[in-house]
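Each remark here refers to the structure printed beneath this line.
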Amino acid sequence: MKAKMDRRLGRWALRPQSIPFVLLLPAILVIVFVVLFPLIFSLYTSFTPYRLTRPESLWTFIGLRNYRRIFTDLDFWIAFGRTILFLAVVINLEFLFGLLIALLINRITWGQRVLRTVMMFPMMFSPILVGFQFKFIFNDNIGVLNNALQSLGLTDQAIAWLVDGWLAMGSIAFAEIWMSTSVFAILLLAGLFAMPREPIEAARVDGCNNWQVFRHITLPFIMPFAFIAMTIRSLDVARAYDIVDVMTGGGPAGRTELLWTLIARTGYDNARMGQANAMAYVSIILSIAFTYYFFTRLVAARRYMGGAA
Amino acid sequence: MTEVRLANLTKAYGNMEVVHAIDLDIADNEFLVLVGPSGCGKSTTLRMIAGLEEITGGTIHIGDRVVNDLAPRERNVSMVFQNYALYPHMTVRENLGFGLKIAKVAEQDIGTRVTQAADILGIAELMERMPAELSGGQRQRVAMGRAIVRNPDVFLFDEPLSNLDAKLRVQMRTEIKKLHRRVENTVVYVTHDQVEAMTLADRIVIMRDGYIEQVGTPLEVFNEPANTFVGSFIGSPPMNQLDGIVRLADGDISLADGLSIPIPQRTRARLSEGQKVVVGIRPDDLAPRGHGIHDSEASAELELSVSISEPLGTETLLFTSIGGVEVQGKMLNPRMVAPDERMKFVLAVDRVHIFEAAGGRNVMIDN
Ligand SMILES: Nc1ncnc2c1ncn2[C@@H]1O[C@H](COP(=O)(O)OP(=O)(O)OP(=O)(O)O)[C@@H](O)[C@H]1O
Ligand SMILES: [Mg+2]
């Protein structure tokens, strides 16, 4: 019986149309074990009261109780709202600065390559290191920033950059923007390079001044590139964890708590892994929503990018 | 009243001069065509008039203003680009109305003017489409519509038909001509197609390497080409050009292969004994006896052997050679021609052009 099965399997594997599957089998197996299996496992644990400290709790099925608890969990929704706000502010500012940088670099003719490379430096650092760097810049006692402000006589007392809720959030946003504005700058620059010259010239003959050319012709043309950057960055920022954890650890008193710092605290510090996984699944909805939104905008924009001009 | 006046107009990229101090007066409502081979500076000249290219030297007048330092938007010109340059993210309607919107024309005025232009060009049913959803010919119309809605002082066209197929090109050519009749504006039109130039122009400007070779009406440049370049550029098939030596005593010009033709009457006084010349013969003026040239005009006979014949229906092109130079003739009311058949050709000598061998200047033209 077994021998017969083996033979049949052997024959199937040698058929021309199955060769691609056979060749891909190792990759498929790896994906199943490192992605699919953990995914299913984490989804399952979100239906249990699983605690890292009590492994046997893994086998208690509690249905949707974790999810129901989230809906009444004020801390979660505050972190949720704060994440959206953080994301909106960071992405918009990055877009603005990225656009500015791209426009400037597009104008210069000398040293453009060097600048393009320099511009990417911040992206080459680990977010953890960027976090540490800004933690020391913004530190209220020994930080470079306060030191500079005080030496210049702009303020006579130490500003608690990482302690005050809004300031701390702003400082984190600053670090995030410093690190990743170049994503926008690079993609928008690519857009500017791809921009045909004729519509711009046509607009100038049609009566546009420089600002109107930018507003009505250049900007619409490079928006699809901005949407690509926004999709990438919204996924990135929605799962922001490392910089926040290093700079403030979500504190003080949860005033800079974002979704993923909250989830990590629930899962590891409080050991409530089942609850944390439920939160994670709810948070993913946020990422999906943003991605979907930007993607729709991108598709809409691509309608006219196809072959015209 | 919007004439355009170019005086000493010069353009250099770095230290490479591509337009050399050209002078040109374009009259109000005139349809002027700039024609010349690729790279001769037609587009550059046009773009300087539009204000898209900085002027290195000289002046440009539009109307009574010197526009050298005015931005394109201050010159009140419209331009149609070779690849149409439509705004890819706007519908046809928005493309047409964009210039008016920028000029802050009232909403309903824009509406009526856009509709009017769309009707003239027959694109009314395309108004809500994006440029990407249009065919080449339709894009071309939209580009023209965009130019006419603004009712500018001067229209500038840069090879607007060169991306269209042959049939559509002929059709659009007629439409451009009608359009000009209708809107009555000054037009500067760039092309490298001499047929387009001949059919559209009030006056033709023939350019080469950044110089103007000749300015004149289509018939003037055809009947009196200023030099060998204009002679070979205008007219299709191109003019045959043969080296010859003037023999005043015999009253003829000797060509290669022991052939000769009589000196055209009008040029006689301008030639000297032994002068080296280039004889320009249009294919229309060389035909087998009895096939297109009336006996009263036929004032020379050459016996030549035909290597190739190309029947075109109403006429057949005959290829022969004199002194190793290929020569084309035209046969009306054609009959079959055998390969390598020797035929008696007649020549309308009075329509033959004589150019100086050195420099190529037409001997009939002074200075
Ligand atoms: N930006 C530029 N930099 C340097 N040289 C240029 C530039 N633009 C054009 N030229 C040169 O100027 C000359 C005239 O160019 P132009 O575009 O006016 O030619 P054209 O007559 O329009 O030819 P075509 O029929 O191919 O369009 C060419 O020799 C070209 O190489
Ligand atoms: Mg050109």
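Residues are named by chain letter and number: chains run A, B, ... in the order of the structure tokens, numbers start at 1 in each chain, and ligands are numbered from 1 in the order shown.
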
May I ask you to extract the residues of chain B within 6 Å of chain A, using only C-alpha atoms, and to give them as a PyMOL selection string? chain B and resi 72-73+85-89+99+131-132

Counting only C-alpha atoms and all ligand atoms, what are the residues, protein, DNA or RNA alike, that approach ligand 2 to within 12 Å? I want them as a list in words.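 Within the 12 Å cut-off, the matching residues are Leu34, Val35, Gly36, Pro37, Ser38, Gly39, Cys40, Gly41, Lys42, Ser43, Thr44, Thr45, Leu46, Arg47, Phe81, Gln82, Asn83, Phe157, Asp158, Glu159, Pro160, Ser162, Tyr189, Val190, Thr191, His192 and Asp193 of chain B.
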
Within 8 Å of Ala185 (chain A), counting only C-alpha atoms, which residues qualify if same-chain residues fewer than 2 places away don't, as a ChimeraX atom specification? /A:95,97-102,181-183,187-189

Would you output that residue set with all heavy atoms, as a compact mmCIF listing (two decimals), in the first residue's frame?
```txt
# COMPACT_ATOMS: atom_id res chain seq x y z
N PHE A 95 5.92 64.39 3.98
CA PHE A 95 5.57 64.70 2.60
C PHE A 95 6.02 66.13 2.26
O PHE A 95 6.66 66.37 1.23
CB PHE A 95 4.07 64.55 2.41
CG PHE A 95 3.56 65.06 1.09
CD1 PHE A 95 4.14 64.64 -0.10
CD2 PHE A 95 2.51 65.96 1.05
CE1 PHE A 95 3.67 65.11 -1.31
CE2 PHE A 95 2.05 66.44 -0.17
CZ PHE A 95 2.62 66.01 -1.34
N PHE A 97 8.28 68.11 3.82
CA PHE A 97 9.74 68.28 3.80
C PHE A 97 10.35 67.52 2.62
O PHE A 97 11.26 68.02 1.95
CB PHE A 97 10.36 67.80 5.11
CG PHE A 97 9.99 68.67 6.28
CD1 PHE A 97 9.61 68.10 7.48
CD2 PHE A 97 10.02 70.05 6.19
CE1 PHE A 97 9.25 68.89 8.56
CE2 PHE A 97 9.66 70.85 7.26
CZ PHE A 97 9.27 70.27 8.45
N GLY A 98 9.85 66.31 2.38
CA GLY A 98 10.37 65.50 1.28
C GLY A 98 10.19 66.23 -0.05
O GLY A 98 11.09 66.26 -0.89
N LEU A 99 9.02 66.85 -0.22
CA LEU A 99 8.73 67.60 -1.43
C LEU A 99 9.71 68.76 -1.59
O LEU A 99 10.27 68.99 -2.66
CB LEU A 99 7.30 68.11 -1.37
CG LEU A 99 6.77 68.84 -2.61
CD1 LEU A 99 6.79 67.90 -3.80
CD2 LEU A 99 5.35 69.33 -2.37
N LEU A 100 9.90 69.46 -0.48
CA LEU A 100 10.81 70.61 -0.48
C LEU A 100 12.22 70.17 -0.90
O LEU A 100 12.84 70.77 -1.77
CB LEU A 100 10.84 71.21 0.91
CG LEU A 100 10.79 72.72 0.99
CD1 LEU A 100 9.47 73.23 0.45
CD2 LEU A 100 10.97 73.17 2.44
N ILE A 101 12.69 69.10 -0.26
CA ILE A 101 14.04 68.61 -0.56
C ILE A 101 14.13 68.16 -2.02
O ILE A 101 15.06 68.51 -2.74
CB ILE A 101 14.39 67.42 0.38
CG1 ILE A 101 14.51 67.92 1.81
CG2 ILE A 101 15.69 66.76 -0.07
CD1 ILE A 101 14.66 66.81 2.82
N ALA A 102 13.11 67.42 -2.46
CA ALA A 102 13.13 66.92 -3.84
C ALA A 102 13.17 68.09 -4.83
O ALA A 102 13.92 68.08 -5.80
CB ALA A 102 11.92 66.04 -4.12
N THR A 181 12.20 61.08 6.24
CA THR A 181 11.76 62.03 5.22
C THR A 181 12.33 61.67 3.85
O THR A 181 11.70 61.89 2.82
CB THR A 181 12.17 63.47 5.60
OG1 THR A 181 11.42 63.84 6.74
CG2 THR A 181 11.87 64.44 4.48
N SER A 182 13.52 61.08 3.86
CA SER A 182 14.16 60.80 2.58
C SER A 182 13.39 59.79 1.75
O SER A 182 13.55 59.76 0.54
CB SER A 182 15.60 60.37 2.78
OG SER A 182 15.70 59.52 3.86
N VAL A 183 12.54 58.97 2.39
CA VAL A 183 11.71 58.06 1.59
C VAL A 183 10.86 58.89 0.63
O VAL A 183 10.79 58.62 -0.57
CB VAL A 183 10.80 57.20 2.50
CG1 VAL A 183 9.84 56.39 1.64
CG2 VAL A 183 11.63 56.30 3.37
N LEU A 187 11.42 59.25 -3.59
CA LEU A 187 10.36 58.89 -4.52
C LEU A 187 9.85 60.10 -5.29
O LEU A 187 9.59 60.03 -6.49
CB LEU A 187 9.21 58.20 -3.77
CG LEU A 187 9.50 56.73 -3.51
CD1 LEU A 187 8.64 56.17 -2.41
CD2 LEU A 187 9.29 55.93 -4.79
N LEU A 188 9.73 61.23 -4.61
CA LEU A 188 9.26 62.43 -5.30
C LEU A 188 10.30 62.92 -6.31
O LEU A 188 9.95 63.38 -7.39
CB LEU A 188 8.95 63.54 -4.29
CG LEU A 188 7.72 63.25 -3.43
CD1 LEU A 188 7.53 64.31 -2.36
CD2 LEU A 188 6.47 63.14 -4.29
N LEU A 189 11.56 62.74 -5.96
CA LEU A 189 12.62 63.12 -6.89
C LEU A 189 12.54 62.25 -8.14
O LEU A 189 12.67 62.74 -9.27
CB LEU A 189 13.98 62.97 -6.21
CG LEU A 189 15.15 63.66 -6.89
CD1 LEU A 189 14.92 65.15 -7.00
CD2 LEU A 189 16.44 63.39 -6.14
```

Residue neighbourhood Val277 (chain B), 12 Å, only C-alpha atoms, exclusion window fewer than 2 positions, as a ChimeraX atom specification: /B:227-228,241-247,252-255,263,267,270-275,279-280,353-363

Keeping only C-alpha atoms, write the selected residues to a file as a PDB file, in the first residue's frame.
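out.pdb was written with the following content:
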```pdb
ATOM      1  CA  ASN B 227      20.438  78.186 -54.387  1.00  0.00           C
ATOM      2  CA  THR B 228      20.989  74.493 -54.941  1.00  0.00           C
ATOM      3  CA  GLN B 241      21.449  68.593 -60.205  1.00  0.00           C
ATOM      4  CA  LEU B 242      24.195  68.070 -62.762  1.00  0.00           C
ATOM      5  CA  ASP B 243      27.603  69.647 -63.154  1.00  0.00           C
ATOM      6  CA  GLY B 244      28.146  71.510 -66.403  1.00  0.00           C
ATOM      7  CA  ILE B 245      30.469  73.920 -68.183  1.00  0.00           C
ATOM      8  CA  VAL B 246      29.248  76.970 -70.122  1.00  0.00           C
ATOM      9  CA  ARG B 247      30.213  77.096 -73.843  1.00  0.00           C
ATOM     10  CA  ASP B 252      25.149  75.452 -74.714  1.00  0.00           C
ATOM     11  CA  ILE B 253      26.183  73.919 -71.444  1.00  0.00           C
ATOM     12  CA  SER B 254      28.045  70.676 -71.726  1.00  0.00           C
ATOM     13  CA  LEU B 255      27.241  67.937 -69.265  1.00  0.00           C
ATOM     14  CA  ILE B 263      21.713  77.799 -72.416  1.00  0.00           C
ATOM     15  CA  THR B 267      20.365  83.255 -67.977  1.00  0.00           C
ATOM     16  CA  ARG B 270      24.720  86.189 -66.618  1.00  0.00           C
ATOM     17  CA  LEU B 271      27.059  83.423 -67.709  1.00  0.00           C
ATOM     18  CA  SER B 272      30.631  83.581 -68.853  1.00  0.00           C
ATOM     19  CA  GLU B 273      32.688  81.349 -71.104  1.00  0.00           C
ATOM     20  CA  GLY B 274      33.997  78.230 -69.362  1.00  0.00           C
ATOM     21  CA  GLN B 275      32.064  78.946 -66.165  1.00  0.00           C
ATOM     22  CA  VAL B 279      22.215  72.616 -63.875  1.00  0.00           C
ATOM     23  CA  GLY B 280      18.985  72.082 -61.949  1.00  0.00           C
ATOM     24  CA  HIS B 353      17.782  76.515 -63.239  1.00  0.00           C
ATOM     25  CA  ILE B 354      21.444  77.429 -63.446  1.00  0.00           C
ATOM     26  CA  PHE B 355      23.453  77.717 -60.233  1.00  0.00           C
ATOM     27  CA  GLU B 356      27.045  78.764 -59.724  1.00  0.00           C
ATOM     28  CA  ALA B 357      29.156  75.684 -59.074  1.00  0.00           C
ATOM     29  CA  ALA B 358      30.977  77.487 -56.263  1.00  0.00           C
ATOM     30  CA  GLY B 359      28.496  78.311 -53.473  1.00  0.00           C
ATOM     31  CA  GLY B 360      25.465  77.082 -55.355  1.00  0.00           C
ATOM     32  CA  ARG B 361      23.809  80.497 -55.830  1.00  0.00           C
ATOM     33  CA  ASN B 362      21.159  80.803 -58.534  1.00  0.00           C
ATOM     34  CA  VAL B 363      22.692  82.947 -61.271  1.00  0.00           C
TER      35      VAL B 363
END
```

Please return as a ChimeraX atom specification: the residues of region 59-257 of chain A that backbone DSSP assigns to helix (DSSP H, G or I). /A:59,65-71,74-107,112-119,121-124,127-138,144-151,165-194,198-205,210-238,242-247

Take the residues from that selection and put them in a file with C-alpha atoms, as a CSV table (one decimal), in the first residue's frame.
```csv
chain,number,residue,atom,x,y,z
A,59,TRP,CA,-5.9,25.4,26.1
A,65,ARG,CA,-13.9,37.7,25.3
A,66,ASN,CA,-10.5,39.4,24.6
A,67,TYR,CA,-12.0,41.3,21.7
A,68,ARG,CA,-15.0,42.4,23.8
A,69,ARG,CA,-12.6,43.6,26.5
A,70,ILE,CA,-10.8,45.8,24.0
A,71,PHE,CA,-13.9,47.7,23.2
A,74,LEU,CA,-10.0,53.2,27.3
A,75,ASP,CA,-6.2,52.9,27.3
A,76,PHE,CA,-6.3,51.0,24.1
A,77,TRP,CA,-8.5,53.5,22.3
A,78,ILE,CA,-6.4,56.4,23.5
A,79,ALA,CA,-3.3,54.7,22.1
A,80,PHE,CA,-5.3,54.0,18.9
A,81,GLY,CA,-6.3,57.6,18.5
A,82,ARG,CA,-2.8,58.8,19.4
A,83,THR,CA,-1.3,56.5,16.8
A,84,ILE,CA,-3.6,57.9,14.1
A,85,LEU,CA,-2.8,61.4,15.1
A,86,PHE,CA,0.9,60.6,15.2
A,87,LEU,CA,0.7,58.9,11.8
A,88,ALA,CA,-1.2,61.8,10.2
A,89,VAL,CA,1.2,64.5,11.5
A,90,VAL,CA,4.4,62.6,10.7
A,91,ILE,CA,3.3,61.6,7.2
A,92,ASN,CA,2.1,65.0,6.3
A,93,LEU,CA,5.2,66.7,7.5
A,94,GLU,CA,7.4,64.1,5.8
A,95,PHE,CA,5.6,64.7,2.6
A,96,LEU,CA,6.0,68.4,2.9
A,97,PHE,CA,9.7,68.3,3.8
A,98,GLY,CA,10.4,65.5,1.3
A,99,LEU,CA,8.7,67.6,-1.4
A,100,LEU,CA,10.8,70.6,-0.5
A,101,ILE,CA,14.0,68.6,-0.6
A,102,ALA,CA,13.1,66.9,-3.8
A,103,LEU,CA,12.3,70.3,-5.5
A,104,LEU,CA,15.6,71.8,-4.3
A,105,ILE,CA,17.7,68.8,-5.4
A,106,ASN,CA,15.9,68.7,-8.7
A,107,ARG,CA,16.9,72.3,-9.3
A,112,GLN,CA,23.2,66.3,-7.2
A,113,ARG,CA,24.4,62.8,-6.9
A,114,VAL,CA,26.4,63.4,-3.7
A,115,LEU,CA,23.4,65.2,-2.2
A,116,ARG,CA,21.1,62.3,-3.2
A,117,THR,CA,23.3,59.9,-1.3
A,118,VAL,CA,23.8,62.1,1.7
A,119,MET,CA,20.1,62.5,1.9
A,121,PHE,CA,22.1,58.6,5.4
A,122,PRO,CA,19.4,58.8,8.1
A,123,MET,CA,17.7,55.8,6.6
A,124,MET,CA,20.9,53.8,7.0
A,127,PRO,CA,15.8,53.0,14.4
A,128,ILE,CA,17.1,52.0,17.9
A,129,LEU,CA,20.2,54.1,17.4
A,130,VAL,CA,18.2,57.0,16.0
A,131,GLY,CA,16.1,56.7,19.2
A,132,PHE,CA,19.2,56.8,21.4
A,133,GLN,CA,20.6,59.7,19.5
A,134,PHE,CA,17.5,61.8,20.0
A,135,LYS,CA,17.0,60.7,23.5
A,136,PHE,CA,20.4,62.3,24.3
A,137,ILE,CA,19.6,65.4,22.2
A,138,PHE,CA,16.3,66.0,24.0
A,144,VAL,CA,22.4,69.0,23.6
A,145,LEU,CA,19.3,70.9,22.7
A,146,ASN,CA,18.6,72.4,26.1
A,147,ASN,CA,22.3,73.1,26.5
A,148,ALA,CA,22.3,75.1,23.2
A,149,LEU,CA,19.0,76.9,24.1
A,150,GLN,CA,20.4,77.9,27.5
A,151,SER,CA,23.8,79.0,26.1
A,165,GLY,CA,3.1,64.7,27.0
A,166,TRP,CA,2.8,66.9,23.9
A,167,LEU,CA,6.5,67.8,23.8
A,168,ALA,CA,7.5,64.2,24.1
A,169,MET,CA,5.2,63.2,21.3
A,170,GLY,CA,6.6,66.1,19.2
A,171,SER,CA,10.2,65.0,19.9
A,172,ILE,CA,9.4,61.4,18.9
A,173,ALA,CA,7.7,62.7,15.7
A,174,PHE,CA,10.8,64.8,15.1
A,175,ALA,CA,13.1,61.8,15.3
A,176,GLU,CA,10.7,59.8,13.1
A,177,ILE,CA,10.7,62.6,10.5
A,178,TRP,CA,14.4,63.0,10.6
A,179,MET,CA,14.9,59.4,9.9
A,180,SER,CA,12.5,58.8,7.1
A,181,THR,CA,11.8,62.0,5.2
A,182,SER,CA,14.2,60.8,2.6
A,183,VAL,CA,11.7,58.1,1.6
A,184,PHE,CA,9.5,60.8,0.3
A,185,ALA,CA,12.3,62.9,-1.0
A,186,ILE,CA,13.7,60.0,-3.1
A,187,LEU,CA,10.4,58.9,-4.5
A,188,LEU,CA,9.3,62.4,-5.3
A,189,LEU,CA,12.6,63.1,-6.9
A,190,ALA,CA,12.1,60.1,-9.1
A,191,GLY,CA,8.7,61.5,-10.0
A,192,LEU,CA,10.3,64.9,-10.9
A,193,PHE,CA,12.9,63.1,-13.0
A,194,ALA,CA,10.2,61.2,-14.9
A,198,GLU,CA,6.3,69.6,-22.6
A,199,PRO,CA,3.2,69.9,-20.3
A,200,ILE,CA,5.1,72.4,-18.2
A,201,GLU,CA,6.1,74.4,-21.2
A,202,ALA,CA,2.5,74.3,-22.5
A,203,ALA,CA,1.3,75.5,-19.2
A,204,ARG,CA,3.8,78.4,-19.2
A,205,VAL,CA,2.6,79.4,-22.7
A,210,ASN,CA,5.9,79.3,-11.7
A,211,TRP,CA,3.6,78.7,-8.7
A,212,GLN,CA,0.7,77.9,-11.0
A,213,VAL,CA,2.8,75.5,-13.0
A,214,PHE,CA,3.8,73.7,-9.8
A,215,ARG,CA,0.3,73.7,-8.4
A,216,HIS,CA,-1.6,72.6,-11.5
A,217,ILE,CA,0.9,70.5,-13.4
A,218,THR,CA,3.9,69.3,-11.4
A,219,LEU,CA,2.1,68.5,-8.2
A,220,PRO,CA,-0.6,66.4,-9.8
A,221,PHE,CA,2.0,64.5,-11.8
A,222,ILE,CA,4.1,63.6,-8.8
A,223,MET,CA,1.2,62.7,-6.4
A,224,PRO,CA,1.2,59.1,-7.4
A,225,PHE,CA,4.8,58.9,-6.3
A,226,ALA,CA,3.7,60.5,-3.0
A,227,PHE,CA,1.0,57.9,-2.6
A,228,ILE,CA,3.5,55.2,-2.9
A,229,ALA,CA,5.7,56.8,-0.3
A,230,MET,CA,2.6,57.3,1.9
A,231,THR,CA,1.6,53.6,1.6
A,232,ILE,CA,5.1,52.5,2.6
A,233,ARG,CA,5.4,55.0,5.5
A,234,SER,CA,1.9,54.5,6.9
A,235,LEU,CA,2.7,50.8,7.3
A,236,ASP,CA,6.0,51.8,8.9
A,237,VAL,CA,4.6,54.4,11.3
A,238,ALA,CA,1.5,52.4,12.2
A,242,ASP,CA,11.5,51.0,18.5
A,243,ILE,CA,12.1,54.7,18.5
A,244,VAL,CA,9.3,55.3,21.0
A,245,ASP,CA,10.5,52.5,23.3
A,246,VAL,CA,14.0,53.9,23.4
A,247,MET,CA,13.1,57.5,23.8
```

Mind checking which residues fall within 6 Å of Arg5 (chain B), counting only C-alpha atoms, ignoring those fewer than 3 positions away in the same chain, and posting them as a list in words? Leu24, Asp25, Ile60 and His61 of chain B

Where does DSSP see strand (DSSP E or B) in region 85-175 of chain B, if you list the residues as JSON, numbers by chain? {"B": [154, 155, 156, 157, 158]}
